[in-house]
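See structure below.
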Amino acid sequence: MSDLLQLAAANLLSPMVLFFALGAFASFFRSDLTIPEAIGKGLALYLMLAIGFKGGAQLAANGATALVLVALAAALILSFALPVAAYALLRTFTRLQVADAAAVAAHYGSVSVVTFVAATGYLDGRGIRYEGFVVAMLAVMETPAIVSGLLLARRGGAALTDGGPLLSGEVIREVFLSGGVVLLAGSFAIAMATGERGLAMMAPAIGEPFSALLAVFLLDMGLLVGRRLREFRAVGWPVIAFGLYMPLIGATVGLLVARAIGLSEGGMTLVAVLAASASYIVVPAAMRLSLPQANPAIYVPLSLAVTFPFNLIAGIPLYHAAAQWLARP
């Protein structure tokens, strides 16, 4: 317990978390502190390029193995199955209607790239290595949860857009060709192709500047979360509670799966983070197109203003402590 408290205290006092808290504080109390949208978008693109390239370079150095294929299959199953559990919990313990419950559930099977990036920064700062192909697991987990959520909505009787196909062409483009997905997968592939030579060329850009730029980006995320805090009136306490306990359920499942397939302490931590996080970029866009009767005032603040801060502040050190315990011989 003392080790966990030390990890949590160290994380709370890290520049990244404190900059996030500063942004949330400033926004909630209506400070005029802002980061131009173009800069925030540029920082997001940089972080996805950096983490994708690092992961691809690690995989290029170690080679593709059977473990990689098993891990990707596990990521696919996790992303499809977690919304089913989330939907059951929401329908049992909250008053959410079918469409809202399905939309929220889809968010909790997909992933938060920002939470993942923060977790890699947390591990890098402590010198803890992790498998580079976990980045590919992140990319795999973006989409199945959307399909799962829409299937749950249809099974529950909620009508999809225009009564058309489960995934329209517009939704497919939104999911698979969104800038973040393209850049993350593309940088991963480029690093795989260029190997050590490419990593040496990119190191000055994706090495030392990473932590400082992540801190500025999390300041921007804090500003966004502070604005979303005012939307809680539409959410309700049982749903807010779900936003706190569902990450713990997802992380537990992720840890057990990662341990079963033989990942390292760092790899287990990152898979737990993936399974615990909730999307607030790709999935909201897909739900807006395919399930318009679901209320964005429920699923956006829940994933962004409840689960994201919880994972950033308390979840990451908690999942790492659990991974440390599981990794003991």
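Starting from 1 in every chain, residues are counted up; chains themselves are A, B, ... following the order of the structure tokens, and ligands are numbered from 1 as listed.
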Legend entry - Polymer residues at most 10 Å from Leu304 (chain A), only C-alpha atoms, same-chain spacing of 5 or more positions, as a list in words: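 My reading of the contact set: Ser112, Met221, Gly222, Leu224, Val225, Gly226, Arg228, Leu229, Gly243, Ser277, Ala278, Ser279, Tyr280, Ile281, Tyr299, Pro309 and Phe310 of chain A.
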Okay, now the selection with C-alpha atoms, as a short mmCIF file (atom, residue, chain, number, x, y, z; two decimals), in the first residue's frame?
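Written out: selection_20.cif:
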```
data_model
loop_
_atom_site.label_atom_id
_atom_site.label_comp_id
_atom_site.auth_asym_id
_atom_site.auth_seq_id
_atom_site.Cartn_x
_atom_site.Cartn_y
_atom_site.Cartn_z
CA SER A 112 -8.10 7.42 -25.32
CA MET A 221 -6.93 19.23 -22.18
CA GLY A 222 -7.42 20.63 -18.68
CA LEU A 224 -11.38 21.57 -22.15
CA VAL A 225 -12.28 19.40 -19.15
CA GLY A 226 -12.94 22.48 -17.02
CA ARG A 228 -17.17 20.17 -19.61
CA LEU A 229 -17.55 20.05 -15.82
CA GLY A 243 -17.32 6.57 -15.14
CA SER A 277 -9.73 4.42 -21.02
CA ALA A 278 -12.69 5.86 -22.89
CA SER A 279 -12.66 7.53 -26.28
CA TYR A 280 -13.73 11.16 -26.56
CA ILE A 281 -12.67 11.86 -30.15
CA TYR A 299 -21.34 10.50 -23.19
CA PRO A 309 -9.01 12.81 -15.23
CA PHE A 310 -9.47 9.72 -13.06
#
```
Inset, instruction - Find the residues near Ala88 (chain A): any atom within 12 Å, counting only C-alpha atoms, skip ones fewer than 2 places away on the same chain, and give them as a count of residues only. - result: 24
Legend entry - Two-atom distance - CA of Ala251 (chain A), CA of Gly55 (chain A) (Å): 21.2 Å
Legend entry - Shell of 10 Å around Ile51 (chain A), only C-alpha atoms, local chain residues under 3 positions omitted, as an MDAnalysis selection string: chainID A and resid 46:48 54:57 113 116:117 120:121 132 135 184 187:188 206 210
Write out the residues from the selection above, keeping N, CA and C atoms, as a PDB file, in the first residue's frame.
```pdb
ATOM      1  N   TYR A  46       1.627  15.954 -33.141  1.00  0.00           N
ATOM      2  CA  TYR A  46       3.008  15.630 -32.762  1.00  0.00           C
ATOM      3  C   TYR A  46       3.066  14.428 -31.829  1.00  0.00           C
ATOM      4  N   LEU A  47       2.208  14.412 -30.808  1.00  0.00           N
ATOM      5  CA  LEU A  47       2.234  13.322 -29.836  1.00  0.00           C
ATOM      6  C   LEU A  47       1.906  11.987 -30.491  1.00  0.00           C
ATOM      7  N   MET A  48       0.924  11.975 -31.402  1.00  0.00           N
ATOM      8  CA  MET A  48       0.583  10.726 -32.076  1.00  0.00           C
ATOM      9  C   MET A  48       1.697  10.275 -33.005  1.00  0.00           C
ATOM     10  N   LYS A  54       7.862   5.724 -32.131  1.00  0.00           N
ATOM     11  CA  LYS A  54       8.605   4.976 -31.108  1.00  0.00           C
ATOM     12  C   LYS A  54       8.180   3.513 -31.082  1.00  0.00           C
ATOM     13  N   GLY A  55       6.877   3.289 -31.150  1.00  0.00           N
ATOM     14  CA  GLY A  55       6.377   1.912 -31.127  1.00  0.00           C
ATOM     15  C   GLY A  55       6.818   1.134 -32.338  1.00  0.00           C
ATOM     16  N   GLY A  56       6.734   1.744 -33.519  1.00  0.00           N
ATOM     17  CA  GLY A  56       7.168   1.064 -34.734  1.00  0.00           C
ATOM     18  C   GLY A  56       8.645   0.747 -34.716  1.00  0.00           C
ATOM     19  N   ALA A  57       9.450   1.670 -34.182  1.00  0.00           N
ATOM     20  CA  ALA A  57      10.893   1.442 -34.108  1.00  0.00           C
ATOM     21  C   ALA A  57      11.215   0.281 -33.174  1.00  0.00           C
ATOM     22  N   VAL A 113      -6.293   8.025 -26.799  1.00  0.00           N
ATOM     23  CA  VAL A 113      -4.894   8.125 -27.205  1.00  0.00           C
ATOM     24  C   VAL A 113      -4.116   8.999 -26.226  1.00  0.00           C
ATOM     25  N   PHE A 116      -3.183   7.094 -23.164  1.00  0.00           N
ATOM     26  CA  PHE A 116      -2.097   6.171 -23.513  1.00  0.00           C
ATOM     27  C   PHE A 116      -0.767   6.910 -23.595  1.00  0.00           C
ATOM     28  N   VAL A 117      -0.754   8.064 -24.242  1.00  0.00           N
ATOM     29  CA  VAL A 117       0.482   8.843 -24.361  1.00  0.00           C
ATOM     30  C   VAL A 117       0.974   9.270 -22.978  1.00  0.00           C
ATOM     31  N   THR A 120       2.641   6.311 -21.375  1.00  0.00           N
ATOM     32  CA  THR A 120       4.001   6.053 -21.875  1.00  0.00           C
ATOM     33  C   THR A 120       4.983   7.056 -21.284  1.00  0.00           C
ATOM     34  N   GLY A 121       4.550   8.317 -21.138  1.00  0.00           N
ATOM     35  CA  GLY A 121       5.408   9.302 -20.500  1.00  0.00           C
ATOM     36  C   GLY A 121       5.706   8.947 -19.053  1.00  0.00           C
ATOM     37  N   GLY A 132       6.848  -2.425 -27.919  1.00  0.00           N
ATOM     38  CA  GLY A 132       6.461  -1.402 -28.870  1.00  0.00           C
ATOM     39  C   GLY A 132       5.174  -1.700 -29.598  1.00  0.00           C
ATOM     40  N   VAL A 135       1.409  -0.166 -29.223  1.00  0.00           N
ATOM     41  CA  VAL A 135       0.849   0.932 -30.016  1.00  0.00           C
ATOM     42  C   VAL A 135      -0.081   0.382 -31.098  1.00  0.00           C
ATOM     43  N   LEU A 184      -1.154   7.982 -36.562  1.00  0.00           N
ATOM     44  CA  LEU A 184      -0.639   6.977 -35.636  1.00  0.00           C
ATOM     45  C   LEU A 184      -0.201   5.727 -36.390  1.00  0.00           C
ATOM     46  N   SER A 187       2.819   6.618 -38.937  1.00  0.00           N
ATOM     47  CA  SER A 187       4.133   6.786 -38.310  1.00  0.00           C
ATOM     48  C   SER A 187       4.668   5.454 -37.799  1.00  0.00           C
ATOM     49  N   PHE A 188       3.768   4.600 -37.324  1.00  0.00           N
ATOM     50  CA  PHE A 188       4.166   3.256 -36.891  1.00  0.00           C
ATOM     51  C   PHE A 188       4.750   2.489 -38.077  1.00  0.00           C
ATOM     52  N   ILE A 206      11.562  13.573 -31.313  1.00  0.00           N
ATOM     53  CA  ILE A 206      10.602  12.788 -30.532  1.00  0.00           C
ATOM     54  C   ILE A 206      11.163  12.337 -29.195  1.00  0.00           C
ATOM     55  N   PHE A 210       9.511  15.641 -25.921  1.00  0.00           N
ATOM     56  CA  PHE A 210       8.226  14.954 -25.757  1.00  0.00           C
ATOM     57  C   PHE A 210       7.528  15.356 -24.460  1.00  0.00           C
TER      58      PHE A 210
END
```
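Using only C-alpha atoms, the nearest neighbour of Pro209 (chain A) within the list A:Val300, A:Gly157, A:Leu326, A:Ala50 is A:Ala50.
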